[in-house]
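Q: Got a structure for you, questions after.
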Amino acid sequence: MTTRKQTQNPEDIQFLEAHLAGTLKPLAPPREIVQRLSRRIQMPNRERITSRLSDWNRLFLIFGGVISGMLLIITAARTFYYLSGRRG
């Protein structure tokens, strides 16, 4: 496999940025959706946050679950890479 240096002309990039800035206009969401979301999303108070962080058993369980999930995903990815490399 050969590697190729990709050099971009700054003028081309500026032209592309200007074109995209003119093409992609900002879009404001409807006010009803924003109001509904602001009612549904609520930040918990400080006491509730600190009580959740002080629950070490739950914190270790969540941390262990995340690490285990990451290891499973990595193992599956390595397996698929190994199996696809053997065919080629």
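Quick note on naming: the chains in the structure tokens go A, B, ... in the order shown, residues restart at 1 in each chain, and ligands are numbered from 1 in order of appearance.
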Run DSSP on the backbone of this structure and report the residues of chain A it assigns to alpha helix (DSSP H), as a PyMOL selection string.

A: chain A and resi 10-23+31-40+46-54+56-87

Q: Go ahead and write the selection's residues with C-alpha atoms as a compact mmCIF listing (two decimals), in the first residue's frame.

A:
# COMPACT_ATOMS: atom_id res chain seq x y z
CA PRO A 10 -5.13 27.16 1.35
CA GLU A 11 -7.11 29.00 -1.31
CA ASP A 12 -9.10 25.82 -2.06
CA ILE A 13 -9.90 25.35 1.62
CA GLN A 14 -11.00 28.96 1.99
CA PHE A 15 -13.20 28.64 -1.10
CA LEU A 16 -14.74 25.46 0.32
CA GLU A 17 -15.34 27.08 3.72
CA ALA A 18 -16.93 30.12 2.10
CA HIS A 19 -19.15 27.90 -0.04
CA LEU A 20 -20.25 25.83 2.96
CA ALA A 21 -20.87 28.95 5.05
CA GLY A 22 -23.20 30.20 2.34
CA THR A 23 -24.87 26.84 1.85
CA ARG A 31 -40.02 27.18 20.48
CA GLU A 32 -42.42 24.43 21.59
CA ILE A 33 -39.72 21.77 21.36
CA VAL A 34 -37.25 23.90 23.32
CA GLN A 35 -39.80 24.53 26.07
CA ARG A 36 -40.75 20.84 26.27
CA LEU A 37 -37.11 19.77 26.49
CA SER A 38 -36.31 22.37 29.13
CA ARG A 39 -39.16 21.00 31.27
CA ARG A 40 -37.97 17.40 30.84
CA ARG A 46 -26.06 19.09 44.77
CA GLU A 47 -27.13 16.81 47.60
CA ARG A 48 -28.41 14.20 45.17
CA ILE A 49 -25.22 14.32 43.09
CA THR A 50 -22.99 13.93 46.13
CA SER A 51 -25.10 11.10 47.49
CA ARG A 52 -24.73 9.22 44.20
CA LEU A 53 -20.97 9.74 44.15
CA SER A 54 -20.59 8.65 47.75
CA TRP A 56 -19.06 3.38 46.37
CA ASN A 57 -20.70 0.02 45.70
CA ARG A 58 -22.78 1.45 42.90
CA LEU A 59 -19.83 3.43 41.52
CA PHE A 60 -17.61 0.33 41.37
CA LEU A 61 -20.40 -1.66 39.75
CA ILE A 62 -20.85 0.98 37.04
CA PHE A 63 -17.10 1.30 36.51
CA GLY A 64 -16.69 -2.48 36.28
CA GLY A 65 -19.55 -2.72 33.81
CA VAL A 66 -18.05 -0.06 31.57
CA ILE A 67 -14.62 -1.70 31.60
CA SER A 68 -16.12 -5.14 30.92
CA GLY A 69 -18.16 -3.77 28.02
CA MET A 70 -15.09 -2.10 26.53
CA LEU A 71 -13.10 -5.35 26.80
CA LEU A 72 -15.88 -7.27 25.07
CA ILE A 73 -16.03 -4.75 22.23
CA ILE A 74 -12.24 -4.78 21.81
CA THR A 75 -12.18 -8.59 21.83
CA ALA A 76 -14.93 -8.78 19.22
CA ALA A 77 -13.17 -6.20 17.02
CA ARG A 78 -9.87 -8.08 17.24
CA THR A 79 -11.65 -11.35 16.41
CA PHE A 80 -13.31 -9.86 13.32
CA TYR A 81 -10.00 -8.31 12.24
CA TYR A 82 -8.19 -11.63 12.67
CA LEU A 83 -10.87 -13.58 10.77
CA SER A 84 -11.07 -11.07 7.92
CA GLY A 85 -7.27 -10.96 7.64
CA ARG A 86 -7.04 -14.74 7.26
CA ARG A 87 -9.25 -14.76 4.15
